[in-house]
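*Asks:* Here's a structure for you.
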Amino acid sequence: MLFRRRRKQFETLVLVELPSLYRLALRLTGNQAMAEDLVQETLLRAYRSFGQFKLQEYGIKPWLFKILHHIFFNERTAAKRHHVLKNEPPWELVADQHPDHWPEIDINHLNWDQFDDEIKRGVEALAPEYRVVLLLWALEQLNYKEIGEICNVPAGTVMSRLFRARKDLSVKLAGYAQSHRLFREPHTAHGINHHPKTPVVFPEGSPNGL
Amino acid sequence: MDCKEFKKVSGGYLEDAIPSNLHQEVQEHLHRCPLCAAIMLQMKLLRERVHLALCKDCCPGNLRQRVSRKLKFASFHLWISKIRARQKK
């Protein structure tokens with residue numbers, strides 16, 4: 001009876017988080033079957049360690065993400081991990097490379113479904129370490145501290161990885177806009193063109209609340 | 001605050017994770033600098049757009065049942081192993 005009660009309690013807490021776990025797993029693995037395996041493995045591990053879990057203000061989701069992250073990065077992909085992050089530059093250096101001239105997209109001629117597909121492709125093209133940080137930040141709307149705890153890295157590392165992920169994704173989206181001739185003519189700030197181009201901006205009033 | 005300093009704290013500003021005096025400085029800079037204001041807007045909108053593009057991924061309908069079944073099985077195994085541990089004692 002004790003085991004059944006514990007399992008029911010666990011199921012009540014975790015099954016509501018299943019869609020979030022699956023979305024993250026799907027974008028990390030890029031494959032539905034592998035995503036399902038990853039989610040199931042995550043929940044089985046979580047269940048076995050459930051006795052050690054203490055429900056705090058953030059709920060159970062960050063803990064589940066941490067387990068999923070651990071399985072994906074430390075076990076499943078150990079053999080074929082990319083080594084692109086061996087010499088990761090410190091955040092202060094990365095911040096100096098902040099891109100400051102991307103053109104503005106003409107959203108009146110933008111096909112949002114195609115654009116969203118391009119976003120998906122752009123996210124999948126990121127290195128896994130960058131991708132997971134971007135997914136936790138944008139898809140799950142977590143803050144740097146929570147992301148750092150899940151990925152087991154300092155906040156500065158989260159910031160630099162996120163910066164790089166945003167930059168790579170923006171460049172990809174800018175490439176898409178360019179190939180579809182969606183750029184507007186650069187406009188000037190205060191009548192003086194200080195910068196040759198302004199950043200890619202999706203103005204307010206675009207579909208889905210943007 | 002200049003553009004270079006803004007770039008270093010822009011992420012923290014977006015997360016509301018910087019001290020209030022720095023927050024105020026960033027806001028003043030954003031009022032003065034249209035380019036940094038556009039960068040900040042882009043960061044916010046990129047986050048929203050990625051969210052909207054990816055949150056449409058649906059969890060397979062039967063995954064919940066499969067997870068429940070596996071948990072039931074795992075629970076049974078835990079129960080058995082506990083009984084065996086008691087018997088050994």
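By convention here, the chains of the structure tokens are called A, B, ... in the order presented, each chain's residues are numbered starting at 1, and ligands are numbered starting at 1 in the order presented.
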Excluding Val133 (chain A) and residues on its chain fewer than 4 positions from it, collect all residues at most 7 Å away from it, counting only C-alpha atoms, and give them as an MDAnalysis selection string.
*Replies:* chainID A and resid 129 137 147 158 161:162
*Asks:* Let's have the selection written as a PDB file, in the first residue's frame, with N, CA and C atoms.
*Replies:*
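So again-v6.pdb came out as:
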```pdb
ATOM      1  N   GLU A 129      24.966  21.692 -26.167  1.00  0.00           N
ATOM      2  CA  GLU A 129      25.148  22.493 -24.946  1.00  0.00           C
ATOM      3  C   GLU A 129      24.497  23.872 -25.086  1.00  0.00           C
ATOM      4  N   TRP A 137      15.622  28.408 -21.616  1.00  0.00           N
ATOM      5  CA  TRP A 137      15.375  29.848 -21.499  1.00  0.00           C
ATOM      6  C   TRP A 137      14.124  30.273 -22.265  1.00  0.00           C
ATOM      7  N   ILE A 147      18.513  27.640 -14.879  1.00  0.00           N
ATOM      8  CA  ILE A 147      19.193  26.929 -15.974  1.00  0.00           C
ATOM      9  C   ILE A 147      20.570  26.442 -15.508  1.00  0.00           C
ATOM     10  N   VAL A 158      26.002  30.125 -18.422  1.00  0.00           N
ATOM     11  CA  VAL A 158      24.653  30.121 -19.020  1.00  0.00           C
ATOM     12  C   VAL A 158      24.512  31.332 -19.940  1.00  0.00           C
ATOM     13  N   ARG A 161      26.604  30.950 -23.158  1.00  0.00           N
ATOM     14  CA  ARG A 161      26.037  29.944 -24.066  1.00  0.00           C
ATOM     15  C   ARG A 161      24.744  30.465 -24.700  1.00  0.00           C
ATOM     16  N   LEU A 162      23.973  31.144 -23.873  1.00  0.00           N
ATOM     17  CA  LEU A 162      22.713  31.689 -24.372  1.00  0.00           C
ATOM     18  C   LEU A 162      22.967  32.776 -25.416  1.00  0.00           C
TER      19      LEU A 162
END
```
*Asks:* Give me the residues within 10 Å of region 49-55 of chain B as a PyMOL selection string, counting only C-alpha atoms and dropping any in the same chain fewer than 5 places off.
*Replies:* (chain A and resi 19-20+23-24+26-27+112-113+115-120+123+134-141+169+202+207-210) or (chain B and resi 43-44)
*Asks:* CA of Glu41 (chain A) and CA of Tyr130 (chain A) are how many Å apart?
*Replies:*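 CA of Glu41 (chain A) sits 22.7 Å away from CA of Tyr130 (chain A).
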*Asks:* Any idea which chain B residues end up within 10 Å of chain A if we count only C-alpha atoms, as a PyMOL selection string please?
*Replies:* chain B and resi 3-12+14-17+33-60+63-68+70-76+78-79
*Asks:* Would you please extract all alpha helix (DSSP H) residues from region 43-74 of chain B, as assigned by DSSP on the backbone, and give them as a list of chain:residue names?
*Replies:*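 Assigned to alpha helix (DSSP H), within region 43-74 of chain B: B:Met43, B:Lys44, B:Leu45, B:Leu46, B:Arg47, B:Glu48, B:Arg49, B:Val50, B:His51, B:Leu52, B:Ala53, B:Leu54, B:Leu63, B:Arg64, B:Gln65, B:Arg66, B:Val67, B:Ser68, B:Arg69, B:Lys70, B:Leu71, B:Lys72, B:Phe73, B:Ala74.
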*Asks:* What would the file look like if the residues just selected were written as a CSV table (one decimal), in the first residue's frame with N, CA, C and O atoms?
*Replies:*
```csv
chain,number,residue,atom,x,y,z
B,43,MET,N,15.8,40.5,-28.3
B,43,MET,CA,16.0,39.4,-27.4
B,43,MET,C,14.7,38.9,-26.9
B,43,MET,O,14.4,37.7,-26.8
B,44,LYS,N,13.9,39.9,-26.5
B,44,LYS,CA,12.6,39.5,-25.9
B,44,LYS,C,11.7,38.8,-26.9
B,44,LYS,O,11.1,37.8,-26.6
B,45,LEU,N,11.7,39.3,-28.1
B,45,LEU,CA,10.8,38.8,-29.2
B,45,LEU,C,11.3,37.4,-29.7
B,45,LEU,O,10.5,36.6,-30.0
B,46,LEU,N,12.7,37.3,-29.7
B,46,LEU,CA,13.2,36.0,-30.1
B,46,LEU,C,12.8,34.9,-29.1
B,46,LEU,O,12.4,33.8,-29.5
B,47,ARG,N,12.9,35.3,-27.9
B,47,ARG,CA,12.5,34.3,-26.8
B,47,ARG,C,11.0,33.9,-27.0
B,47,ARG,O,10.7,32.7,-27.0
B,48,GLU,N,10.2,34.9,-27.2
B,48,GLU,CA,8.7,34.6,-27.4
B,48,GLU,C,8.5,33.8,-28.7
B,48,GLU,O,7.7,32.8,-28.7
B,49,ARG,N,9.2,34.1,-29.7
B,49,ARG,CA,9.0,33.4,-31.0
B,49,ARG,C,9.4,32.0,-30.9
B,49,ARG,O,8.8,31.1,-31.4
B,50,VAL,N,10.6,31.8,-30.3
B,50,VAL,CA,11.1,30.4,-30.2
B,50,VAL,C,10.1,29.6,-29.3
B,50,VAL,O,9.7,28.4,-29.6
B,51,HIS,N,9.6,30.2,-28.3
B,51,HIS,CA,8.6,29.6,-27.4
B,51,HIS,C,7.4,29.2,-28.3
B,51,HIS,O,6.9,28.0,-28.2
B,52,LEU,N,6.9,30.1,-29.0
B,52,LEU,CA,5.6,29.9,-29.8
B,52,LEU,C,5.9,28.8,-30.9
B,52,LEU,O,5.0,28.0,-31.2
B,53,ALA,N,7.1,28.8,-31.5
B,53,ALA,CA,7.4,27.8,-32.5
B,53,ALA,C,7.5,26.4,-32.0
B,53,ALA,O,7.1,25.4,-32.6
B,54,LEU,N,8.0,26.3,-30.8
B,54,LEU,CA,8.3,25.0,-30.3
B,54,LEU,C,7.3,24.4,-29.3
B,54,LEU,O,7.2,23.2,-29.1
B,63,LEU,N,1.9,8.1,-24.4
B,63,LEU,CA,3.1,8.2,-23.6
B,63,LEU,C,2.7,8.1,-22.1
B,63,LEU,O,3.4,7.5,-21.3
B,64,ARG,N,1.7,8.8,-21.8
B,64,ARG,CA,1.2,8.9,-20.4
B,64,ARG,C,0.9,7.5,-19.8
B,64,ARG,O,1.4,7.1,-18.8
B,65,GLN,N,0.2,6.7,-20.7
B,65,GLN,CA,-0.2,5.4,-20.2
B,65,GLN,C,1.1,4.5,-20.1
B,65,GLN,O,1.2,3.7,-19.2
B,66,ARG,N,2.0,4.7,-21.1
B,66,ARG,CA,3.2,3.8,-21.1
B,66,ARG,C,4.1,4.2,-19.8
B,66,ARG,O,4.6,3.3,-19.2
B,67,VAL,N,4.1,5.5,-19.5
B,67,VAL,CA,4.9,5.9,-18.3
B,67,VAL,C,4.3,5.3,-17.1
B,67,VAL,O,5.0,4.8,-16.2
B,68,SER,N,2.9,5.4,-17.0
B,68,SER,CA,2.2,4.9,-15.8
B,68,SER,C,2.5,3.4,-15.7
B,68,SER,O,2.7,2.9,-14.6
B,69,ARG,N,2.5,2.7,-16.8
B,69,ARG,CA,2.7,1.2,-16.7
B,69,ARG,C,4.1,0.9,-16.2
B,69,ARG,O,4.4,0.1,-15.4
B,70,LYS,N,5.1,1.7,-16.8
B,70,LYS,CA,6.5,1.5,-16.4
B,70,LYS,C,6.7,1.8,-14.9
B,70,LYS,O,7.5,1.1,-14.2
B,71,LEU,N,6.0,2.8,-14.4
B,71,LEU,CA,6.2,3.2,-13.0
B,71,LEU,C,5.6,2.1,-12.1
B,71,LEU,O,6.1,1.8,-11.0
B,72,LYS,N,4.5,1.6,-12.6
B,72,LYS,CA,3.8,0.5,-11.8
B,72,LYS,C,4.8,-0.7,-11.7
B,72,LYS,O,4.9,-1.2,-10.6
B,73,PHE,N,5.4,-1.0,-12.8
B,73,PHE,CA,6.4,-2.1,-12.8
B,73,PHE,C,7.6,-1.8,-11.9
B,73,PHE,O,8.0,-2.6,-11.1
B,74,ALA,N,8.1,-0.5,-12.0
B,74,ALA,CA,9.2,-0.1,-11.1
B,74,ALA,C,8.8,-0.2,-9.7
B,74,ALA,O,9.6,-0.6,-8.8
```
*Asks:* CA of Arg131 (chain A) and CA of Lys172 (chain A) are how many Å apart?
*Replies:* 14.0 Å
*Asks:* Determine the nearest neighbour of Ala125 (chain A) from the options A:Ala165, A:Gln52, A:Glu149, A:Thr42, counting only C-alpha atoms.
*Replies:* A:Ala165
